[in-house]
$ cat coords-v6.cif   # mmCIF, C-alpha atoms
data_protein
#
loop_
_atom_site.label_atom_id
_atom_site.label_comp_id
_atom_site.auth_asym_id
_atom_site.auth_seq_id
_atom_site.Cartn_x
_atom_site.Cartn_y
_atom_site.Cartn_z
CA MET Z 1 6.59 34.43 34.01
CA SER Z 2 3.49 32.53 35.20
CA ARG Z 3 1.40 34.04 32.42
CA ILE Z 4 4.06 33.18 29.84
CA PHE Z 5 4.16 29.56 31.03
CA LEU Z 6 0.35 29.44 30.89
CA LEU Z 7 0.40 30.79 27.34
CA ILE Z 8 3.05 28.24 26.27
CA GLY Z 9 1.00 25.43 27.78
CA ILE Z 10 -2.14 26.55 25.96
CA ILE Z 11 -0.30 26.89 22.63
CA LEU Z 12 1.20 23.39 22.94
CA PHE Z 13 -2.19 21.97 23.86
CA ILE Z 14 -3.86 23.60 20.84
CA LEU Z 15 -1.08 22.58 18.42
CA GLU Z 16 -1.10 18.92 19.36
CA ASN Z 17 -4.89 18.70 19.46
CA SER Z 18 -5.10 20.25 16.00
CA VAL Z 19 -2.95 17.34 14.84
CA SER Z 20 -5.29 15.00 16.69
CA LEU Z 21 -8.37 16.49 14.97
CA LEU Z 22 -6.68 16.27 11.58
CA SER Z 23 -5.85 12.60 12.26
CA ILE Z 24 -9.51 11.93 13.14
CA LYS Z 25 -10.56 13.59 9.88
CA GLU Z 26 -8.18 11.27 8.02
CA LYS Z 27 -9.47 8.33 10.10
CA GLN Z 28 -6.06 7.73 11.65
CA TYR Z 29 -7.43 7.06 15.11
CA LEU Z 30 -4.24 5.67 16.63
CA ALA Z 31 -2.35 8.82 15.62
CA ALA Z 32 -5.23 10.90 17.02
CA ARG Z 33 -5.02 9.21 20.43
CA ARG Z 34 -1.25 9.60 20.52
CA SER Z 35 -1.46 13.28 19.63
CA PHE Z 36 -4.04 13.88 22.34
CA LEU Z 37 -1.89 12.16 24.97
CA LEU Z 38 1.13 14.11 23.75
CA SER Z 39 -0.80 17.37 24.12
CA MET Z 40 -1.46 16.52 27.76
CA LEU Z 41 2.14 15.52 28.44
CA LEU Z 42 3.60 18.64 26.84
CA SER Z 43 1.17 21.21 28.21
CA PHE Z 44 0.75 19.91 31.78
CA PRO Z 45 4.24 20.95 33.08
CA PHE Z 46 3.70 24.52 31.86
CA LEU Z 47 0.21 24.71 33.37
CA PHE Z 48 1.71 23.44 36.62
CA LEU Z 49 4.44 26.11 36.51
CA SER Z 50 1.80 28.81 35.96
CA VAL Z 51 -0.02 28.09 39.25
CA ILE Z 52 2.73 26.83 41.60
CA ASN Z 53 5.66 28.92 42.85
CA PHE Z 54 8.92 27.25 43.93
CA PRO Z 55 12.69 27.89 43.76
CA TYR Z 56 14.33 27.90 40.31
CA GLN Z 57 10.88 27.93 38.73
CA ASN Z 58 11.92 30.22 35.86
CA ILE Z 59 15.07 28.22 35.05
CA ILE Z 60 13.07 24.97 34.95
CA GLY Z 61 10.36 26.63 32.84
CA LEU Z 62 12.85 27.99 30.30
CA SER Z 63 14.57 24.60 30.10
CA LEU Z 64 11.25 22.88 29.47
CA THR Z 65 10.39 25.46 26.80
CA LEU Z 66 13.68 24.76 25.03
CA LEU Z 67 13.15 20.98 25.24
CA ALA Z 68 9.56 21.26 23.95
CA GLY Z 69 10.74 23.40 21.03
CA VAL Z 70 13.47 20.93 20.09
CA PHE Z 71 10.99 18.06 20.38
CA LEU Z 72 8.45 19.74 18.08
CA VAL Z 73 11.16 20.53 15.52
CA LEU Z 74 12.32 16.89 15.56
CA LEU Z 75 8.74 15.77 14.88
CA LEU Z 76 8.74 17.82 11.67
CA ILE Z 77 12.02 16.42 10.33
CA PRO Z 78 11.40 13.53 7.85
CA PHE Z 79 14.04 11.10 9.12
CA PRO Z 80 14.73 8.26 6.65
CA SER Z 81 13.36 4.89 7.74
CA LYS Z 82 15.81 2.18 8.72
CA LYS Z 83 16.46 -0.46 6.11
CA ASP Z 84 15.59 -4.02 6.95
CA LYS Z 85 18.94 -5.64 7.72
CA ASN Z 86 17.39 -9.08 7.30
CA TYR Z 87 16.38 -8.40 3.69
CA LYS Z 88 18.09 -10.73 1.25
CA LYS Z 89 18.11 -10.29 -2.50
CA PRO Z 90 16.19 -13.13 -4.17
CA ILE Z 91 18.45 -15.65 -5.89
CA THR Z 92 15.74 -17.70 -7.58
CA ARG Z 93 12.67 -16.85 -9.64
CA ILE Z 94 9.13 -17.94 -8.82
CA ASP Z 95 7.15 -20.20 -11.12
CA GLU Z 96 3.78 -18.51 -11.67
CA ARG Z 97 2.13 -21.94 -11.91
CA ASP Z 98 2.76 -22.33 -8.16
CA THR Z 99 0.85 -19.18 -7.18
CA MET Z 100 -2.61 -19.49 -5.64
CA PHE Z 101 -4.23 -17.60 -8.53
CA SER Z 102 -2.88 -19.97 -11.18
CA ARG Z 103 -3.65 -23.12 -9.20
CA ASN Z 104 -7.21 -21.95 -8.57
CA ARG Z 105 -7.78 -21.63 -12.31
CA LEU Z 106 -6.87 -25.23 -13.10
CA LYS Z 107 -9.86 -27.14 -14.48
CA LYS Z 108 -10.35 -30.65 -13.13
CA GLY Z 109 -9.54 -33.21 -15.81
CA SER Z 110 -7.62 -30.77 -18.02
CA THR Z 111 -4.09 -31.47 -19.24
CA HIS Z 112 -2.65 -28.65 -17.11
CA TYR Z 113 -4.50 -30.02 -14.06
CA LYS Z 114 -3.17 -33.56 -14.53
CA ASN Z 115 0.40 -32.49 -15.24
CA TYR Z 116 0.58 -30.03 -12.36
CA TYR Z 117 -0.63 -32.44 -9.69
CA LEU Z 118 1.54 -35.25 -11.01
CA GLU Z 119 4.50 -33.01 -10.12
CA ASN Z 120 2.88 -31.49 -7.01
CA PRO Z 121 0.65 -34.17 -5.42
CA ASP Z 122 0.95 -32.55 -1.97
CA LYS Z 123 -1.01 -29.50 -3.15
CA LYS Z 124 -3.94 -31.31 -4.76
CA GLU Z 125 -6.11 -31.89 -1.67
CA ILE Z 126 -6.05 -28.29 -0.41
CA ASP Z 127 -6.44 -26.88 -3.93
CA ASP Z 128 -9.48 -29.07 -4.67
CA LYS Z 129 -11.03 -27.99 -1.38
CA ILE Z 130 -10.54 -24.29 -2.23
CA ARG Z 131 -11.95 -24.77 -5.74
CA SER Z 132 -15.07 -26.38 -4.28
CA ASN Z 133 -16.04 -22.99 -2.85
CA PRO Z 134 -18.22 -20.67 -4.98
CA GLY Z 135 -15.35 -18.34 -5.89
CA LEU Z 136 -15.00 -14.61 -6.36
CA LEU Z 137 -18.15 -12.75 -7.57
CA ALA Z 138 -20.27 -15.91 -7.50
CA LYS Z 139 -24.00 -15.41 -6.83
CA ASN Z 140 -24.25 -18.03 -4.10
CA THR Z 141 -21.57 -16.49 -1.88
CA LYS Z 142 -22.44 -15.29 1.61
CA TYR Z 143 -21.89 -11.59 0.91
CA TYR Z 144 -23.22 -11.48 -2.65
CA HIS Z 145 -24.55 -8.07 -3.70
CA ASN Z 146 -25.95 -7.55 -7.17
CA TYR Z 147 -24.77 -3.95 -7.73
CA TRP Z 148 -21.34 -4.21 -6.11
CA PHE Z 149 -20.45 -7.54 -7.72
CA GLN Z 150 -21.55 -6.50 -11.21
CA ALA Z 151 -19.61 -3.24 -10.88
CA ALA Z 152 -16.52 -5.18 -9.77
CA ASP Z 153 -16.95 -7.64 -12.65
CA THR Z 154 -17.05 -4.68 -15.06
CA ASN Z 155 -13.80 -3.34 -13.62
CA PHE Z 156 -12.07 -6.72 -14.00
CA ALA Z 157 -13.38 -6.99 -17.58
CA HIS Z 158 -11.94 -3.55 -18.30
CA VAL Z 159 -8.53 -4.66 -17.01
CA LYS Z 160 -8.68 -7.73 -19.24
CA GLN Z 161 -9.43 -5.55 -22.29
CA LEU Z 162 -6.37 -3.42 -21.55
CA ARG Z 163 -3.95 -6.37 -21.43
CA SER Z 164 -3.33 -6.31 -25.17
CA LYS Z 165 -2.62 -2.56 -25.03
CA VAL Z 166 0.08 -2.43 -22.36
CA ASP Z 167 2.93 -3.82 -24.43
CA GLY Z 168 4.20 -3.60 -27.96
CA LYS Z 169 7.17 -3.18 -30.25
CA VAL Z 170 9.66 -0.42 -29.51
CA SER Z 171 9.59 2.33 -32.12
CA SER Z 172 12.50 2.20 -34.56
CA SER Z 173 12.71 6.01 -34.70
CA LYS Z 174 13.58 8.22 -31.77
CA SER Z 175 11.35 11.23 -31.19
CA LYS Z 176 12.98 14.62 -31.67
CA PHE Z 177 11.16 15.68 -28.52
CA ALA Z 178 12.90 13.01 -26.39
CA LEU Z 179 14.03 14.41 -23.05
CA SER Z 180 16.75 13.37 -20.62
CA SER Z 181 16.27 10.38 -18.32
CA LYS Z 182 15.74 12.76 -15.41
CA SER Z 183 13.07 14.71 -17.29
CA ASN Z 184 11.36 11.52 -18.44
CA THR Z 185 11.25 10.23 -14.87
CA ALA Z 186 9.79 13.49 -13.57
CA PHE Z 187 7.17 13.52 -16.35
CA ILE Z 188 6.07 9.93 -15.63
CA LYS Z 189 5.79 10.56 -11.88
CA ASN Z 190 3.82 13.79 -12.38
CA TRP Z 191 1.56 12.12 -14.94
CA LEU Z 192 0.79 9.23 -12.59
CA ARG Z 193 0.20 11.63 -9.69
CA ASN Z 194 -2.56 13.24 -11.78
CA LEU Z 195 -4.08 9.78 -12.21
CA ASN Z 196 -4.53 9.43 -8.43
CA VAL Z 197 -1.31 7.45 -7.88
CA LEU Z 198 0.14 7.97 -4.41
CA ASP Z 199 3.82 7.00 -4.82
CA THR Z 200 5.90 6.04 -7.84
CA GLY Z 201 9.32 4.42 -8.18
CA ILE Z 202 11.37 3.52 -11.25
CA THR Z 203 14.15 0.94 -11.21
CA LEU Z 204 16.24 -1.26 -13.45
CA LEU Z 205 14.39 -4.51 -14.11
CA LYS Z 206 16.19 -7.49 -12.61
CA ASP Z 207 15.92 -11.13 -13.55
CA TYR Z 208 14.28 -12.05 -10.22
CA HIS Z 209 11.54 -9.45 -10.71
CA ILE Z 210 9.67 -11.68 -13.16
CA TYR Z 211 8.29 -15.24 -13.06
CA SER Z 212 10.40 -18.09 -14.40
CA TYR Z 213 7.43 -19.69 -16.19
CA GLY Z 214 3.98 -18.34 -16.99
CA GLY Z 215 0.98 -19.72 -15.15
CA ARG Z 216 -2.08 -18.19 -16.74
CA ASP Z 217 -3.85 -18.09 -20.10
CA GLU Z 218 -1.68 -18.19 -23.22
CA ARG Z 219 1.60 -17.93 -21.28
CA TYR Z 220 0.97 -21.07 -19.20
CA GLY Z 221 4.12 -23.20 -19.06
CA LYS Z 222 6.13 -20.83 -21.24
CA LYS Z 223 9.60 -19.79 -20.09
CA LEU Z 224 9.63 -16.04 -19.47
CA THR Z 225 12.54 -13.76 -20.35
CA LEU Z 226 13.31 -10.11 -19.65
CA GLU Z 227 12.08 -7.93 -22.49
CA HIS Z 228 12.30 -4.52 -20.81
CA LYS Z 229 15.06 -2.49 -19.19
CA PHE Z 230 13.07 -0.60 -16.57
CA ALA Z 231 10.14 -1.24 -14.24
CA ILE Z 232 7.69 1.32 -12.85
CA ALA Z 233 6.14 0.53 -9.48
CA PHE Z 234 3.37 2.61 -7.96
CA THR Z 235 0.83 2.55 -5.15
CA ILE Z 236 -2.83 3.54 -5.34
CA PRO Z 237 -4.79 4.68 -2.26
CA MET Z 238 -7.89 2.66 -1.45
CA ASN Z 239 -11.13 4.14 -0.11
CA TYR Z 240 -11.07 3.63 3.66
CA GLU Z 241 -14.84 3.22 4.12
CA LEU Z 242 -15.16 0.59 1.39
CA VAL Z 243 -12.13 -1.40 2.53
CA ASN Z 244 -13.16 -1.21 6.19
CA CYS Z 245 -16.43 -2.96 5.29
CA ALA Z 246 -14.60 -6.22 4.47
CA PRO Z 247 -15.73 -8.92 3.90
CA GLN Z 248 -18.78 -7.09 2.54
CA ALA Z 249 -19.14 -6.80 -1.25
CA SER Z 250 -17.91 -3.19 -1.41
CA MET Z 251 -14.40 -4.40 -0.59
CA VAL Z 252 -14.30 -6.50 -3.77
CA PHE Z 253 -15.44 -3.51 -5.82
CA GLU Z 254 -12.75 -1.24 -4.36
CA SER Z 255 -10.07 -3.84 -5.03
CA SER Z 256 -11.20 -4.15 -8.66
CA ARG Z 257 -11.27 -0.38 -9.04
CA CYS Z 258 -7.65 -0.09 -7.97
CA TYR Z 259 -6.64 -2.83 -10.41
#
$ encode --input "coords-v6.cif" --output "structure tokens"
Amino acid sequence: MSRIFLLIGIILFILENSVSLLSIKEKQYLAARRSFLLSMLLSFPFLFLSVINFPYQNIIGLSLTLLAGVFLVLLLIPFPSKKDKNYKKPITRIDERDTMFSRNRLKKGSTHYKNYYLENPDKKEIDDKIRSNPGLLAKNTKYYHNYWFQAADTNFAHVKQLRSKVDGKVSSSKSKFALSSKSNTAFIKNWLRNLNVLDTGITLLKDYHIYSYGGRDERYGKKLTLEHKFAIAFTIPMNYELVNCAPQASMVFESSRCY
């Protein structure tokens, strides 16, 4: 039995360290350290059993083998994550004019500027201080980089050009090729997956999903209403090396690319 215990210990050590190496390749260093420690914890008892003889050794070894097998199986089962019990459904909508992006765009002396700070005088001092900084993609910023910043600016310009293309009137005629809701959902998710999207979810659009009033460009101050039935939410993976360089200029480029 000593040789069997030695073999089990070696197999467990190799399995867990293969996970550790894979985690290093994916730059998940915390997972790599945990897998390495787990390989030591799982394999050590079997290596100990292979060199030391004592009463009931075989029974203990078989019990440990069973426990290790159950443990490894449990690691492979995708248990659903616990829902946040403290989560509360929003009961009010957010005014986009109050967001940091909208407030940062206000031009000193403009009508929007005067009206906003008449209603929100407590925000004026901090907002003016933030606006006094150079701003995103400005040449006199600390981490300015000609190539990265111009590439990021091109990406943002591309997004702006697409704004007029993302919405329109619903067709009055229904396509004869229209599929079921289930098929449509599957097609959309597969399509987005081919566009480098990581995860996709589709849900009924609720009132609290949208702003109460617009805060940018032509929609500033306009009351917003629901015009669609469904919403598609998706996540896009970011390049680890570029993001990990923050606050260097490559981070801004990667953010713009994902937009």
$ axis_aligned_box --input "coords-v6.cif" --around "stretch 20-24 of chain Z" --padding-each-side "4 Å" --output "AutoDock Vina command-line options"
--center_x -7.4 --center_y 14.2 --center_z 14.1 --size_x 12.2 --size_y 12.6 --size_z 13.1
$ resolve_selection --input "coords-v6.cif" --expression "the PyMOL selection byres ((chain Z and resi 117) around 12)" --output "list in words"
Arg97, Asp98, Arg103, Leu106, Lys107, Lys108, Gly109, Ser110, Thr111, His112, Tyr113, Lys114, Asn115, Tyr116, Leu118, Glu119, Asn120, Pro121, Asp122, Lys123, Lys124, Glu125, Ile126, Asp127 and Asp128 of chain Z
$ resolve_selection --input "coords-v6.cif" --expression "the PyMOL selection byres ((chain Z and resi 225-235) around 7)" --output "PyMOL selection string"
chain Z and resi 197-205+207+223-224+236-237
$ write_last_selection --input "coords-v6.cif" --atoms "C-alpha atoms" --output "PDB file, keeping the file's coordinate frame"
ATOM      1  CA  VAL Z 197      -1.310   7.450  -7.880  1.00  0.00           C
ATOM      2  CA  LEU Z 198       0.140   7.970  -4.410  1.00  0.00           C
ATOM      3  CA  ASP Z 199       3.820   7.000  -4.820  1.00  0.00           C
ATOM      4  CA  THR Z 200       5.900   6.040  -7.840  1.00  0.00           C
ATOM      5  CA  GLY Z 201       9.320   4.420  -8.180  1.00  0.00           C
ATOM      6  CA  ILE Z 202      11.370   3.520 -11.250  1.00  0.00           C
ATOM      7  CA  THR Z 203      14.150   0.940 -11.210  1.00  0.00           C
ATOM      8  CA  LEU Z 204      16.240  -1.260 -13.450  1.00  0.00           C
ATOM      9  CA  LEU Z 205      14.390  -4.510 -14.110  1.00  0.00           C
ATOM     10  CA  ASP Z 207      15.920 -11.130 -13.550  1.00  0.00           C
ATOM     11  CA  LYS Z 223       9.600 -19.790 -20.090  1.00  0.00           C
ATOM     12  CA  LEU Z 224       9.630 -16.040 -19.470  1.00  0.00           C
ATOM     13  CA  ILE Z 236      -2.830   3.540  -5.340  1.00  0.00           C
ATOM     14  CA  PRO Z 237      -4.790   4.680  -2.260  1.00  0.00           C
TER      15      PRO Z 237
END
$ atom_distance --input "coords-v6.cif" --atom1 "atom CA of Z:Tyr56" --atom2 "atom CA of Z:Leu15"
27.3 Å
$ resolve_selection --input "coords-v6.cif" --expression "the PyMOL selection byres ((chain Z and resi 137-144) around 9)" --output "short mmCIF file (atom, residue, chain, number, x, y, z; two decimals) with C-alpha atoms, in the coordinates of the input"
data_model
loop_
_atom_site.label_atom_id
_atom_site.label_comp_id
_atom_site.auth_asym_id
_atom_site.auth_seq_id
_atom_site.Cartn_x
_atom_site.Cartn_y
_atom_site.Cartn_z
CA ASN Z 133 -16.04 -22.99 -2.85
CA PRO Z 134 -18.22 -20.67 -4.98
CA GLY Z 135 -15.35 -18.34 -5.89
CA LEU Z 136 -15.00 -14.61 -6.36
CA HIS Z 145 -24.55 -8.07 -3.70
CA ASN Z 146 -25.95 -7.55 -7.17
CA TRP Z 148 -21.34 -4.21 -6.11
CA PHE Z 149 -20.45 -7.54 -7.72
CA GLN Z 150 -21.55 -6.50 -11.21
CA ALA Z 152 -16.52 -5.18 -9.77
CA ASP Z 153 -16.95 -7.64 -12.65
CA PRO Z 247 -15.73 -8.92 3.90
CA GLN Z 248 -18.78 -7.09 2.54
CA ALA Z 249 -19.14 -6.80 -1.25
CA VAL Z 252 -14.30 -6.50 -3.77
#
$ atom_distance --input "coords-v6.cif" --atom1 "atom CA of Z:Lys25" --atom2 "atom CA of Z:Ser39"
17.7 Å
$ residues_around --input "coords-v6.cif" --residues "stretch 4-14 of chain Z" --least-positions-apart "4" --cutoff "8 Å" --atoms "only C-alpha atoms" --output "mmCIF file with C-alpha atoms, keeping the file's coordinate frame"
data_model
loop_
_atom_site.group_PDB
_atom_site.id
_atom_site.type_symbol
_atom_site.label_atom_id
_atom_site.label_comp_id
_atom_site.auth_asym_id
_atom_site.auth_seq_id
_atom_site.Cartn_x
_atom_site.Cartn_y
_atom_site.Cartn_z
ATOM 1 C CA SER Z 18 -5.100 20.250 16.000
ATOM 2 C CA SER Z 39 -0.800 17.370 24.120
ATOM 3 C CA MET Z 40 -1.460 16.520 27.760
ATOM 4 C CA LEU Z 42 3.600 18.640 26.840
ATOM 5 C CA SER Z 43 1.170 21.210 28.210
ATOM 6 C CA PHE Z 44 0.750 19.910 31.780
ATOM 7 C CA PRO Z 45 4.240 20.950 33.080
ATOM 8 C CA PHE Z 46 3.700 24.520 31.860
ATOM 9 C CA LEU Z 47 0.210 24.710 33.370
ATOM 10 C CA LEU Z 49 4.440 26.110 36.510
ATOM 11 C CA SER Z 50 1.800 28.810 35.960
ATOM 12 C CA GLY Z 61 10.360 26.630 32.840
ATOM 13 C CA THR Z 65 10.390 25.460 26.800
#
$ closest_residue --input "coords-v6.cif" --among "Z:Arg131, Z:Ser255, Z:Leu30, Z:Tyr220" --to "Z:Met100" --atoms "all atoms listed in the file"
Z:Arg131
$ atom_distance --input "coords-v6.cif" --atom1 "atom CA of Z:Tyr259" --atom2 "atom CA of Z:Leu195"
13.0 Å
